[in-house]
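Below is work.pdb, which holds PDB, C-alpha atoms (C1' of nucleotides).
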```pdb
ATOM      1  CA  MET A 354      24.130 -60.986  20.049
ATOM      2  CA  LYS A 355      24.146 -57.832  17.950
ATOM      3  CA  ALA A 356      23.475 -54.541  19.673
ATOM      4  CA  ASP A 357      19.893 -53.415  20.111
ATOM      5  CA  VAL A 358      18.253 -56.142  18.036
ATOM      6  CA  LEU A 359      15.894 -56.628  20.909
ATOM      7  CA  ARG A 360      14.675 -53.088  20.571
ATOM      8  CA  GLY A 361      10.931 -53.361  20.966
ATOM      9  CA  HIS A 362      11.031 -56.879  22.412
ATOM     10  CA  LEU A 363      12.343 -56.114  25.880
ATOM     11  CA  ASP A 364       8.883 -55.605  27.340
ATOM     12  CA  ALA A 365       7.799 -59.003  26.072
ATOM     13  CA  LEU A 366      10.823 -60.656  27.673
ATOM     14  CA  LEU A 367      10.244 -59.033  31.038
ATOM     15  CA  LEU A 368       6.549 -59.803  31.072
ATOM     16  CA  ALA A 369       7.166 -63.388  29.987
ATOM     17  CA  VAL A 370       9.738 -64.049  32.681
ATOM     18  CA  LEU A 371       7.267 -62.791  35.269
ATOM     19  CA  ASP A 372       4.448 -64.954  33.969
ATOM     20  CA  GLY A 373       3.213 -66.990  36.889
ATOM     21  CA  ARG A 374       5.790 -65.903  39.449
ATOM     22  CA  LYS A 375       7.076 -62.915  41.387
ATOM     23  CA  LEU A 376      10.685 -61.839  40.936
ATOM     24  CA  HIS A 377      12.850 -58.876  41.810
ATOM     25  CA  GLY A 378      15.001 -57.072  39.267
ATOM     26  CA  TYR A 379      18.254 -58.831  39.918
ATOM     27  CA  ALA A 380      16.542 -62.230  39.842
ATOM     28  CA  ILE A 381      14.904 -61.324  36.548
ATOM     29  CA  ILE A 382      18.305 -60.776  34.984
ATOM     30  CA  GLU A 383      19.503 -64.117  36.332
ATOM     31  CA  ALA A 384      16.379 -65.914  35.188
ATOM     32  CA  LEU A 385      16.885 -64.602  31.648
ATOM     33  CA  GLN A 386      20.500 -65.744  31.703
ATOM     34  CA  LEU A 387      19.445 -69.204  32.824
ATOM     35  CA  ARG A 388      16.719 -69.569  30.235
ATOM     36  CA  THR A 389      18.976 -68.494  27.405
ATOM     37  CA  ASP A 390      22.154 -70.315  28.444
ATOM     38  CA  GLY A 391      23.895 -67.046  29.162
ATOM     39  CA  VAL A 392      23.243 -65.478  25.769
ATOM     40  CA  LEU A 393      20.989 -62.795  27.194
ATOM     41  CA  ASP A 394      22.875 -60.808  29.804
ATOM     42  CA  LEU A 395      20.889 -57.627  30.230
ATOM     43  CA  PRO A 396      22.594 -54.769  32.074
ATOM     44  CA  THR A 397      20.862 -53.260  35.070
ATOM     45  CA  GLY A 398      20.655 -49.945  33.248
ATOM     46  CA  THR A 399      18.393 -51.672  30.767
ATOM     47  CA  VAL A 400      16.233 -53.701  33.109
ATOM     48  CA  TYR A 401      15.487 -51.358  36.000
ATOM     49  CA  PRO A 402      14.195 -48.441  33.938
ATOM     50  CA  ALA A 403      12.149 -50.852  31.829
ATOM     51  CA  LEU A 404      10.512 -52.357  34.941
ATOM     52  CA  ARG A 405       9.566 -48.915  36.220
ATOM     53  CA  ARG A 406       8.181 -48.006  32.835
ATOM     54  CA  LEU A 407       6.078 -51.168  32.760
ATOM     55  CA  GLU A 408       4.819 -50.427  36.249
ATOM     56  CA  ARG A 409       3.887 -46.883  35.276
ATOM     57  CA  ALA A 410       2.034 -48.378  32.315
ATOM     58  CA  GLY A 411       0.033 -50.576  34.692
ATOM     59  CA  PHE A 412       1.429 -53.894  33.471
ATOM     60  CA  LEU A 413       3.429 -54.618  36.603
ATOM     61  CA  ALA A 414       2.924 -54.054  40.312
ATOM     62  CA  SER A 415       5.753 -53.994  42.831
ATOM     63  CA  GLU A 416       6.244 -54.222  46.546
ATOM     64  CA  TRP A 417       9.248 -54.013  48.831
ATOM     65  CA  ASP A 418      10.525 -57.141  50.500
ATOM     66  CA  VAL A 419      13.314 -57.330  53.022
ATOM     67  CA  VAL A 420      15.092 -60.663  52.787
ATOM     68  CA  SER A 421      18.063 -61.283  55.083
ATOM     69  CA  GLY A 422      18.674 -57.598  55.540
ATOM     70  CA  ARG A 423      18.484 -56.852  51.834
ATOM     71  CA  LYS A 424      15.662 -54.817  50.452
ATOM     72  CA  ARG A 425      14.371 -55.844  47.114
ATOM     73  CA  ARG A 426      11.522 -54.659  44.992
ATOM     74  CA  THR A 427       9.467 -57.616  43.850
ATOM     75  CA  TYR A 428       7.422 -57.376  40.682
ATOM     76  CA  ARG A 429       4.382 -59.304  39.565
ATOM     77  CA  LEU A 430       2.094 -59.146  36.537
ATOM     78  CA  THR A 431      -1.174 -57.268  36.830
ATOM     79  CA  ARG A 432      -4.231 -58.389  34.914
ATOM     80  CA  ALA A 433      -3.460 -55.720  32.322
ATOM     81  CA  GLY A 434       0.054 -57.132  32.223
ATOM     82  CA  GLN A 435      -1.327 -60.597  31.484
ATOM     83  CA  ARG A 436      -3.311 -59.180  28.596
ATOM     84  CA  GLU A 437      -0.282 -57.229  27.392
ATOM     85  CA  LEU A 438       1.831 -60.366  27.520
ATOM     86  CA  ALA A 439      -0.698 -62.200  25.379
ATOM     87  CA  ALA A 440      -0.609 -59.321  22.909
ATOM     88  CA  GLU A 441       3.200 -59.326  22.921
ATOM     89  CA  ARG A 442       3.248 -63.053  22.216
ATOM     90  CA  ALA A 443       0.865 -62.579  19.308
ATOM     91  CA  GLY A 444       2.951 -59.678  18.034
ATOM     92  CA  TRP A 445       6.072 -61.805  18.283
ATOM     93  CA  ARG A 446       4.490 -64.571  16.235
ATOM     94  CA  GLU A 447       3.494 -62.094  13.536
ATOM     95  CA  PHE A 448       6.899 -60.460  13.593
ATOM     96  CA  THR A 449       8.822 -63.724  13.192
ATOM     97  CA  THR A 450       6.442 -64.916  10.489
ATOM     98  CA  VAL A 451       6.872 -61.754   8.472
ATOM     99  CA  ILE A 452      10.626 -61.327   8.809
ATOM    100  CA  GLY A 453      11.311 -65.037   8.696
ATOM    101  CA  GLY A 454       9.267 -65.275   5.534
ATOM    102  CA  VAL A 455      11.428 -62.717   3.811
ATOM    103  CA  LEU A 456      14.677 -64.180   5.077
ATOM    104  CA  GLY A 457      13.763 -67.771   4.417
ATOM    105  CA  GLU A 458      12.527 -67.709   0.856
ATOM    106  CA  ARG A 459      14.624 -67.591  -2.265
ATOM    107  CA  PRO A 460      13.278 -65.546  -5.164
TER     108      PRO A 460
ATOM    109  CA  MET B   6       3.201 -53.899  13.209
ATOM    110  CA  LYS B   7       4.505 -52.089  16.273
ATOM    111  CA  ALA B   8       6.886 -49.189  15.818
ATOM    112  CA  ASP B   9      10.557 -49.931  15.223
ATOM    113  CA  VAL B  10      10.513 -53.615  16.167
ATOM    114  CA  LEU B  11      12.580 -54.238  13.089
ATOM    115  CA  ARG B  12      15.378 -52.128  14.500
ATOM    116  CA  GLY B  13      18.496 -54.079  13.716
ATOM    117  CA  HIS B  14      16.798 -56.371  11.203
ATOM    118  CA  LEU B  15      16.398 -53.926   8.341
ATOM    119  CA  ASP B  16      19.757 -54.769   6.809
ATOM    120  CA  ALA B  17      18.868 -58.448   6.758
ATOM    121  CA  LEU B  18      15.581 -57.703   4.988
ATOM    122  CA  LEU B  19      17.201 -55.577   2.323
ATOM    123  CA  LEU B  20      19.988 -58.043   1.674
ATOM    124  CA  ALA B  21      17.552 -60.942   1.548
ATOM    125  CA  VAL B  22      15.263 -59.275  -0.954
ATOM    126  CA  LEU B  23      18.252 -58.634  -3.200
ATOM    127  CA  ASP B  24      19.468 -62.217  -2.966
ATOM    128  CA  GLY B  25      19.767 -63.476  -6.534
ATOM    129  CA  ARG B  26      18.348 -60.428  -8.305
ATOM    130  CA  LYS B  27      18.902 -56.764  -8.989
ATOM    131  CA  LEU B  28      16.296 -54.255  -7.874
ATOM    132  CA  HIS B  29      15.986 -50.504  -7.497
ATOM    133  CA  GLY B  30      14.807 -48.833  -4.289
ATOM    134  CA  TYR B  31      11.182 -48.416  -5.175
ATOM    135  CA  ALA B  32      10.952 -52.007  -6.413
ATOM    136  CA  ILE B  33      12.522 -53.206  -3.166
ATOM    137  CA  ILE B  34       9.733 -51.588  -1.188
ATOM    138  CA  GLU B  35       7.138 -53.198  -3.458
ATOM    139  CA  ALA B  36       8.840 -56.582  -3.292
ATOM    140  CA  LEU B  37       8.742 -56.484   0.504
ATOM    141  CA  GLN B  38       5.062 -55.548   0.420
ATOM    142  CA  LEU B  39       4.327 -58.462  -1.889
ATOM    143  CA  ARG B  40       6.269 -60.985   0.162
ATOM    144  CA  THR B  41       4.576 -59.937   3.379
ATOM    145  CA  ASP B  42       1.033 -59.440   2.096
ATOM    146  CA  GLY B  43       1.263 -55.708   2.663
ATOM    147  CA  VAL B  44       2.303 -55.947   6.308
ATOM    148  CA  LEU B  45       5.721 -54.455   5.675
ATOM    149  CA  ASP B  46       5.352 -51.040   4.065
ATOM    150  CA  LEU B  47       8.699 -49.365   4.561
ATOM    151  CA  PRO B  48       8.839 -45.602   3.995
ATOM    152  CA  THR B  49      11.373 -44.250   1.554
ATOM    153  CA  GLY B  50      13.033 -42.333   4.366
ATOM    154  CA  THR B  51      13.898 -45.697   5.850
ATOM    155  CA  VAL B  52      14.920 -47.607   2.758
ATOM    156  CA  TYR B  53      17.014 -45.168   0.738
ATOM    157  CA  PRO B  54      19.408 -44.177   3.516
ATOM    158  CA  ALA B  55      19.761 -47.839   4.490
ATOM    159  CA  LEU B  56      20.685 -48.811   0.923
ATOM    160  CA  ARG B  57      23.348 -46.127   0.781
ATOM    161  CA  ARG B  58      24.653 -47.231   4.138
ATOM    162  CA  LEU B  59      24.883 -50.824   2.951
ATOM    163  CA  GLU B  60      26.657 -49.691  -0.203
ATOM    164  CA  ARG B  61      29.161 -47.683   1.831
ATOM    165  CA  ALA B  62      29.719 -50.787   3.917
ATOM    166  CA  GLY B  63      30.554 -52.735   0.752
ATOM    167  CA  PHE B  64      27.580 -55.088   0.917
ATOM    168  CA  LEU B  65      25.779 -53.602  -2.073
ATOM    169  CA  ALA B  66      26.830 -52.164  -5.434
ATOM    170  CA  SER B  67      24.645 -49.856  -7.517
ATOM    171  CA  GLU B  68      24.440 -48.535 -11.059
ATOM    172  CA  TRP B  69      22.132 -46.125 -12.838
ATOM    173  CA  ASP B  70      19.597 -47.435 -15.322
ATOM    174  CA  VAL B  71      17.308 -45.343 -17.485
ATOM    175  CA  VAL B  72      14.074 -47.187 -18.206
ATOM    176  CA  SER B  73      11.372 -45.407 -20.258
ATOM    177  CA  GLY B  74      12.746 -41.999 -19.397
ATOM    178  CA  ARG B  75      12.978 -42.770 -15.705
ATOM    179  CA  LYS B  76      16.287 -43.016 -14.009
ATOM    180  CA  ARG B  77      16.647 -45.606 -11.355
ATOM    181  CA  ARG B  78      19.519 -46.785  -9.233
ATOM    182  CA  THR B  79      19.721 -50.547  -9.320
ATOM    183  CA  TYR B  80      21.304 -52.431  -6.454
ATOM    184  CA  ARG B  81      22.857 -55.861  -6.341
ATOM    185  CA  LEU B  82      24.633 -57.920  -3.665
ATOM    186  CA  THR B  83      28.416 -57.967  -3.621
ATOM    187  CA  ARG B  84      30.306 -61.030  -2.492
ATOM    188  CA  ALA B  85      30.759 -59.402   0.906
ATOM    189  CA  GLY B  86      27.011 -58.793   0.852
ATOM    190  CA  GLN B  87      26.401 -62.504   0.270
ATOM    191  CA  ARG B  88      28.547 -63.339   3.271
ATOM    192  CA  GLU B  89      26.828 -60.677   5.337
ATOM    193  CA  LEU B  90      23.439 -62.066   4.359
ATOM    194  CA  ALA B  91      24.479 -65.519   5.525
ATOM    195  CA  ALA B  92      25.630 -64.021   8.819
ATOM    196  CA  GLU B  93      22.367 -62.102   9.170
ATOM    197  CA  ARG B  94      20.377 -65.280   8.579
ATOM    198  CA  ALA B  95      22.383 -67.095  11.230
ATOM    199  CA  GLY B  96      21.922 -64.168  13.603
ATOM    200  CA  TRP B  97      18.210 -64.204  12.951
ATOM    201  CA  ARG B  98      17.958 -67.893  13.798
ATOM    202  CA  GLU B  99      19.808 -67.338  17.059
ATOM    203  CA  PHE B 100      17.712 -64.315  17.882
ATOM    204  CA  THR B 101      14.382 -66.062  17.329
ATOM    205  CA  THR B 102      15.548 -69.133  19.236
ATOM    206  CA  VAL B 103      16.586 -67.078  22.246
ATOM    207  CA  ILE B 104      13.612 -64.737  22.417
ATOM    208  CA  GLY B 105      11.147 -67.396  21.340
ATOM    209  CA  GLY B 106      12.481 -69.677  24.032
ATOM    210  CA  VAL B 107      11.754 -67.135  26.713
ATOM    211  CA  LEU B 108       8.346 -66.247  25.333
ATOM    212  CA  GLY B 109       7.263 -69.791  24.672
ATOM    213  CA  GLU B 110       8.024 -71.564  27.922
ATOM    214  CA  ARG B 111       5.960 -71.486  31.046
ATOM    215  CA  PRO B 112       7.827 -71.557  34.368
TER     216      PRO B 112
ATOM    217  C1'  DG C 848      39.664 -54.433  56.496
ATOM    218  C1'  DG C 849      39.132 -55.637  51.814
ATOM    219  C1'  DC C 850      36.808 -58.233  48.339
ATOM    220  C1'  DT C 851      32.944 -60.279  45.985
ATOM    221  C1'  DA C 852      28.166 -61.081  45.201
ATOM    222  C1'  DT C 853      23.842 -59.151  45.826
ATOM    223  C1'  DA C 854      20.667 -55.331  44.964
ATOM    224  C1'  DC C 855      18.669 -50.817  43.266
ATOM    225  C1'  DG C 856      18.909 -46.847  40.770
ATOM    226  C1'  DT C 857      20.071 -42.492  37.519
ATOM    227  C1'  DA C 858      22.083 -39.597  33.796
ATOM    228  C1'  DG C 859      23.911 -39.085  29.480
ATOM    229  C1'  DT C 860      24.870 -40.927  24.918
ATOM    230  C1'  DC C 861      24.207 -42.693  20.413
ATOM    231  C1'  DA C 862      22.374 -45.497  16.628
ATOM    232  C1'  DC C 863      18.829 -45.735  13.715
ATOM    233  C1'  DA C 864      14.113 -46.058  11.873
ATOM    234  C1'  DC C 865      10.822 -42.805  10.790
ATOM    235  C1'  DG C 866       7.950 -38.584   9.372
ATOM    236  C1'  DA C 867       7.947 -34.645   6.667
ATOM    237  C1'  DC C 868       9.524 -32.547   3.013
ATOM    238  C1'  DA C 869      11.655 -31.480  -1.694
ATOM    239  C1'  DT C 870      12.255 -32.722  -6.589
ATOM    240  C1'  DG C 871      11.119 -34.451 -11.059
ATOM    241  C1'  DT C 872       8.999 -37.533 -15.022
ATOM    242  C1'  DA C 873       5.205 -40.432 -17.380
ATOM    243  C1'  DG C 874       0.729 -41.026 -18.535
ATOM    244  C1'  DC C 875      -4.076 -40.402 -18.290
ATOM    245  C1'  DA C 876      -8.715 -38.116 -17.461
ATOM    246  C1'  DG C 877     -11.281 -34.058 -18.069
TER     247       DG C 877
ATOM    248  C1'  DC D 790      -3.269 -28.119 -21.467
ATOM    249  C1'  DT D 791      -4.257 -28.724 -16.820
ATOM    250  C1'  DG D 792      -4.634 -31.407 -12.995
ATOM    251  C1'  DC D 793      -3.810 -35.660 -10.776
ATOM    252  C1'  DT D 794      -1.855 -40.089  -9.722
ATOM    253  C1'  DA D 795       1.814 -43.404  -9.910
ATOM    254  C1'  DC D 796       6.616 -43.825 -10.248
ATOM    255  C1'  DA D 797      11.245 -42.744  -8.461
ATOM    256  C1'  DT D 798      15.090 -40.759  -5.589
ATOM    257  C1'  DG D 799      16.708 -38.370  -2.027
ATOM    258  C1'  DT D 800      17.642 -35.293   2.601
ATOM    259  C1'  DC D 801      16.973 -33.529   7.245
ATOM    260  C1'  DG D 802      15.403 -33.404  11.805
ATOM    261  C1'  DT D 803      13.297 -35.848  15.501
ATOM    262  C1'  DG D 804      12.268 -39.191  18.957
ATOM    263  C1'  DT D 805      12.835 -43.486  21.052
ATOM    264  C1'  DG D 806      14.942 -46.645  23.760
ATOM    265  C1'  DA D 807      18.696 -49.798  25.011
ATOM    266  C1'  DC D 808      23.148 -49.208  26.674
ATOM    267  C1'  DT D 809      27.536 -47.368  29.226
ATOM    268  C1'  DA D 810      29.175 -45.586  33.107
ATOM    269  C1'  DC D 811      28.368 -44.140  37.333
ATOM    270  C1'  DG D 812      26.768 -43.943  42.436
ATOM    271  C1'  DT D 813      24.952 -46.190  46.589
ATOM    272  C1'  DA D 814      24.519 -49.813  50.093
ATOM    273  C1'  DT D 815      24.459 -54.484  52.669
ATOM    274  C1'  DA D 816      25.877 -59.548  53.604
ATOM    275  C1'  DG D 817      29.275 -62.763  54.061
ATOM    276  C1'  DC D 818      33.783 -64.572  53.555
ATOM    277  C1'  DC D 819      38.876 -64.518  53.961
TER     278       DC D 819
END
```
As structure tokens, what does this structure read like?
Amino acid sequence: MKADVLRGHLDALLLAVLDGRKLHGYAIIEALQLRTDGVLDLPTGTVYPALRRLERAGFLASEWDVVSGRKRRTYRLTRAGQRELAAERAGWREFTTVIGGVLGERP
Amino acid sequence: MKADVLRGHLDALLLAVLDGRKLHGYAIIEALQLRTDGVLDLPTGTVYPALRRLERAGFLASEWDVVSGRKRRTYRLTRAGQRELAAERAGWREFTTVIGGVLGERP
DNA sequence: GGCTATACGTAGTCACACGACATGTAGCAG
DNA sequence: CTGCTACATGTCGTGTGACTACGTATAGCC
């Protein structure tokens, strides 16, 4: 996939993958790979800063787990995050409608 | 529409709006407004540099017209531009499938 | 002891859309 | 004949944000 086409859509992806479940950063990357048949392979340098940003914004909450000696920071959606996800989904629909409309039609 | 979500999709829009017709910069902006019911209102500082970039890349060709005393630079797709447009359309389909798949499903 | 997978994180870079600005003509209202 | 608006093209600087390349550390296997 072309570089930085998902500029502006990363937040939506992260919120969506956390919808209804708690995951830590590494698992989020794996979950996105699974859901997209390996097409989306986000680097840690993309995901971790984004998660912290979303937490600062109040859309995510995190807590430390220690599982089999490994510490991992588990994220979950806050209520504001749920609302934000709904807004992101709506924004995505509008975005695809608009761009798809231009790309699909012939003059 | 949220800021710079169309990062990486601008080229596709410009090529698509020029598919099958010749237009000058200002008319391109108006055509995109029309097609999107005013949602897409690209500033000149976005469109003009992009057109020149696409021309440098060989996807567009331009020539000067003078219509009722006004000079305007008219752009048209080259053959390479046609191929690039097809590739952009394919890329768009993949992109929407991947992102839409993540956003649409529930775990 | 070395290797791989798991796991988190930071710092710097770079592409690119955008805002602000500069320039000039046509045509109309007053 | 003076503003003002619409038309039309362009440049420059800025900011954002995903990415590359690092650095760190543990578990488990060979």
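If you take only C-alpha atoms (C1' of nucleotides) and a cut-off of 12 Å, the residues of chain D that reach chain B are DA795, DC796, DA797, DT798, DG799, DT800, DC801, DG802, DG804, DT805, DG806 and DA807 of chain D.
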Next item on the list: List, as a ChimeraX atom specification, every residue that the PyMOL selection byres ((chain B) within 10 of (chain A)) selects in the file provided.
Entry: /B:6-15,17-26,36-37,40-42,44-45,90-91,93-94,96-112
Quick one: apply the PyMOL selection byres ((chain A and resi 411) around 12) to the file and drop the selected residues here as a PyMOL selection string. chain A and resi 368+404-410+412-415+428-437
Set the cut-off to 10 Å and count only C-alpha atoms (C1' of nucleotides): what are the residues of chain C that reach chain B? Output as an NGL selection string. :C and (862-867 or 871-873)
The distance between CA of Thr427 (chain A) and CA of Lys375 (chain A) is 6.3 Å
If you measure from CA of Asp16 (chain B) to CA of Gly391 (chain A), what distance in Å do you get, rounded to one decimal?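 Calculated distance between CA of Asp16 (chain B) and CA of Gly391 (chain A) is 25.8 Å.
You will find CA of Glu68 (chain B) at 18.0 Å from CA of Ile34 (chain B).
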**Which of D:DC811, D:DC819, D:DT791, D:DT803 sits closest to DG848 (chain C) [using all atoms listed in the file]** =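 For DG848 (chain C), the nearest of the given residues is D:DC819.
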| message | Can you spell out as a list in words the set of residues that the PyMOL selection byres ((chain D and resi 814) around 10) selects in the structure I just provided? | response | Arg423 of chain A; DA854 and DC855 of chain C; DG812, DT813 and DT815 of chain D
Go ahead and write the selection's residues with C-alpha atoms (C1' of nucleotides) as a PDB file, in the coordinates of the input.
```
ATOM      1  CA  ARG A 423      18.484 -56.852  51.834  1.00  0.00           C
TER       2      ARG A 423
ATOM      3  C1'  DA C 854      20.667 -55.331  44.964  1.00  0.00           C
ATOM      4  C1'  DC C 855      18.669 -50.817  43.266  1.00  0.00           C
TER       5       DC C 855
ATOM      6  C1'  DG D 812      26.768 -43.943  42.436  1.00  0.00           C
ATOM      7  C1'  DT D 813      24.952 -46.190  46.589  1.00  0.00           C
ATOM      8  C1'  DT D 815      24.459 -54.484  52.669  1.00  0.00           C
TER       9       DT D 815
END
```
